[in-house]
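J.: Structure incoming, see below.
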Amino acid sequence: MKLVLAIVNNDDSAAVAATLTNEGFSITKLSTTGGFLQTGNTTLLIGAEDGQVDRIKEIIRKHSFTRTKTVPTVSSLGRGLGPADTTAKTPVRGATVFVLNVEDFEKL
């Protein structure tokens, strides 16, 4: 048995969660905030049999998209620098997935 922890961009989380649920996977949704960009994410907890993990990752991959985000930099507003010079564009992944072994599982 596995526990899939999927940290999904809020923009993609509804489609990912709906597809997983429609395919019969039980999920728990947690609202989370990323440390780097300080933006909202949804963390999905998905219990699965070993053989289901590839399908779960396929669904997440299909419905999660990399996007570009403008973030502030540590540049100071020195001579000749304007506000546009103190930001940088960085790619933001649609999801980060961890797969953990589960020693025991019970629904009580």
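Identifiers in this document derive from the order of the structure tokens: chains are assigned A, B, ..., residues are numbered from 1 separately in each chain, and ligands are numbered from 1 in order of occurrence.
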Excluding Thr28 in chain A and any residue of its chain fewer than 3 positions from it, enumerate the residues within 12 Å of it, using only C-alpha atoms, and give them as an MDAnalysis selection string.

T.: chainID A and resid 3:7 13 17:18 20:21 25 31 42:47

J.: Need the shell around Glu23 in chain A: protein/DNA/RNA residues with any atom at most 12 Å away, counting only C-alpha atoms. Skip same-chain ones fewer than 5 positions apart. Format as a count of residues only?

T.: 7

J.: Mind checking which residues fall within 12 Å of Asp104 in chain A, counting only C-alpha atoms, ignoring those fewer than 3 positions away in the same chain, and posting them as a list in words?

T.: Met1, Lys2, Leu3, Gly47, Leu100, Asn101 and Lys107 of chain A

J.: Got a sec to tell me which of range 9-73 of chain A DSSP assigns to alpha helix (DSSP H), as a list of chain:residue names?

T.: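 The residues of range 9-73 of chain A classed as alpha helix (DSSP H) are A:Asn10, A:Asp11, A:Asp12, A:Ser13, A:Ala14, A:Ala15, A:Val16, A:Ala17, A:Ala18, A:Thr19, A:Leu20, A:Thr21, A:Asn22, A:Val53, A:Asp54, A:Arg55, A:Ile56, A:Lys57, A:Glu58, A:Ile59, A:Ile60, A:Arg61, A:Lys62, A:His63.
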
J.: Please, could you write that set of residues out with N, CA and C atoms as a JSON list (two decimals), in the first residue's frame?

T.:
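The file below, part_28.json, is the result:
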```
[["chain", "number", "residue", "atom", "x", "y", "z"],
["A", 10, "ASN", "N", -2.96, 25.60, -6.92],
["A", 10, "ASN", "CA", -4.40, 25.85, -6.74],
["A", 10, "ASN", "C", -5.14, 25.97, -8.07],
["A", 11, "ASP", "N", -4.47, 26.50, -9.09],
["A", 11, "ASP", "CA", -5.12, 26.66, -10.40],
["A", 11, "ASP", "C", -5.47, 25.32, -11.03],
["A", 12, "ASP", "N", -4.77, 24.26, -10.64],
["A", 12, "ASP", "CA", -4.97, 22.94, -11.23],
["A", 12, "ASP", "C", -5.69, 21.97, -10.31],
["A", 13, "SER", "N", -5.83, 22.31, -9.05],
["A", 13, "SER", "CA", -6.29, 21.33, -8.05],
["A", 13, "SER", "C", -7.71, 20.83, -8.28],
["A", 14, "ALA", "N", -8.61, 21.67, -8.73],
["A", 14, "ALA", "CA", -10.00, 21.23, -8.93],
["A", 14, "ALA", "C", -10.07, 20.15, -10.00],
["A", 15, "ALA", "N", -9.37, 20.33, -11.11],
["A", 15, "ALA", "CA", -9.39, 19.34, -12.20],
["A", 15, "ALA", "C", -8.73, 18.04, -11.76],
["A", 16, "VAL", "N", -7.62, 18.13, -11.03],
["A", 16, "VAL", "CA", -6.92, 16.93, -10.55],
["A", 16, "VAL", "C", -7.82, 16.17, -9.59],
["A", 17, "ALA", "N", -8.38, 16.87, -8.61],
["A", 17, "ALA", "CA", -9.22, 16.22, -7.59],
["A", 17, "ALA", "C", -10.47, 15.60, -8.22],
["A", 18, "ALA", "N", -11.10, 16.31, -9.14],
["A", 18, "ALA", "CA", -12.31, 15.78, -9.78],
["A", 18, "ALA", "C", -12.01, 14.52, -10.58],
["A", 19, "THR", "N", -10.92, 14.52, -11.32],
["A", 19, "THR", "CA", -10.58, 13.35, -12.13],
["A", 19, "THR", "C", -10.23, 12.16, -11.24],
["A", 20, "LEU", "N", -9.46, 12.39, -10.19],
["A", 20, "LEU", "CA", -9.12, 11.30, -9.27],
["A", 20, "LEU", "C", -10.39, 10.71, -8.64],
["A", 21, "THR", "N", -11.28, 11.58, -8.19],
["A", 21, "THR", "CA", -12.52, 11.13, -7.57],
["A", 21, "THR", "C", -13.40, 10.37, -8.57],
["A", 22, "ASN", "N", -13.50, 10.89, -9.80],
["A", 22, "ASN", "CA", -14.30, 10.23, -10.83],
["A", 22, "ASN", "C", -13.76, 8.84, -11.18],
["A", 53, "VAL", "N", -0.45, 3.55, -8.41],
["A", 53, "VAL", "CA", 0.36, 4.77, -8.31],
["A", 53, "VAL", "C", 0.65, 5.38, -9.67],
["A", 54, "ASP", "N", 0.99, 4.57, -10.65],
["A", 54, "ASP", "CA", 1.29, 5.11, -11.98],
["A", 54, "ASP", "C", 0.08, 5.83, -12.57],
["A", 55, "ARG", "N", -1.12, 5.28, -12.39],
["A", 55, "ARG", "CA", -2.34, 5.94, -12.90],
["A", 55, "ARG", "C", -2.58, 7.26, -12.19],
["A", 56, "ILE", "N", -2.36, 7.30, -10.89],
["A", 56, "ILE", "CA", -2.54, 8.54, -10.13],
["A", 56, "ILE", "C", -1.57, 9.60, -10.64],
["A", 57, "LYS", "N", -0.31, 9.23, -10.83],
["A", 57, "LYS", "CA", 0.68, 10.20, -11.33],
["A", 57, "LYS", "C", 0.34, 10.65, -12.75],
["A", 58, "GLU", "N", -0.19, 9.75, -13.55],
["A", 58, "GLU", "CA", -0.60, 10.11, -14.91],
["A", 58, "GLU", "C", -1.72, 11.16, -14.89],
["A", 59, "ILE", "N", -2.70, 10.98, -14.02],
["A", 59, "ILE", "CA", -3.81, 11.95, -13.89],
["A", 59, "ILE", "C", -3.27, 13.30, -13.44],
["A", 60, "ILE", "N", -2.40, 13.29, -12.43],
["A", 60, "ILE", "CA", -1.84, 14.55, -11.93],
["A", 60, "ILE", "C", -1.03, 15.24, -13.02],
["A", 61, "ARG", "N", -0.23, 14.47, -13.73],
["A", 61, "ARG", "CA", 0.59, 15.03, -14.82],
["A", 61, "ARG", "C", -0.29, 15.65, -15.91],
["A", 62, "LYS", "N", -1.38, 14.98, -16.26],
["A", 62, "LYS", "CA", -2.25, 15.44, -17.33],
["A", 62, "LYS", "C", -2.97, 16.74, -16.98],
["A", 63, "HIS", "N", -3.28, 16.94, -15.71],
["A", 63, "HIS", "CA", -4.10, 18.09, -15.31],
["A", 63, "HIS", "C", -3.31, 19.16, -14.56]]
```

J.: Measuring between only C-alpha atoms, which one of A:Val102, A:Val8, A:Leu108, A:Lys69 shows the shortest distance to Lys89 in chain A?

T.: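 Smallest distance to Lys89 in chain A is found for A:Lys69.
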
J.: Grab the CA of Thr39 in chain A to CA of Ala88 in chain A distance for me, in Å with one decimal place.

T.: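 The value is 16.0 Å.
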
J.: Report the residues of range 2-41 of chain A whose backbone DSSP state falls under strand (DSSP E), written as a list in words.

T.: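 After running DSSP on the backbone, range 2-41 of chain A has strand (DSSP E) at Lys2, Leu3, Val4, Leu5, Ala6, Ile7, Val8, Asn9, Ile27, Thr28, Lys29, Leu30, Ser31, Thr32, Thr33, Gly40 and Asn41 of chain A.
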
J.: For Thr68 in chain A, which residue out of A:Gly40, A:Ala48, A:Gly24, A:Gly94 is the nearest one, using only C-alpha atoms?

T.: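 The closest residue to Thr68 in chain A is A:Gly94.
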
J.: Work out how far CA of Val97 in chain A is from CA of Arg67 in chain A, in Å to one decimal.

T.: 17.1 Å
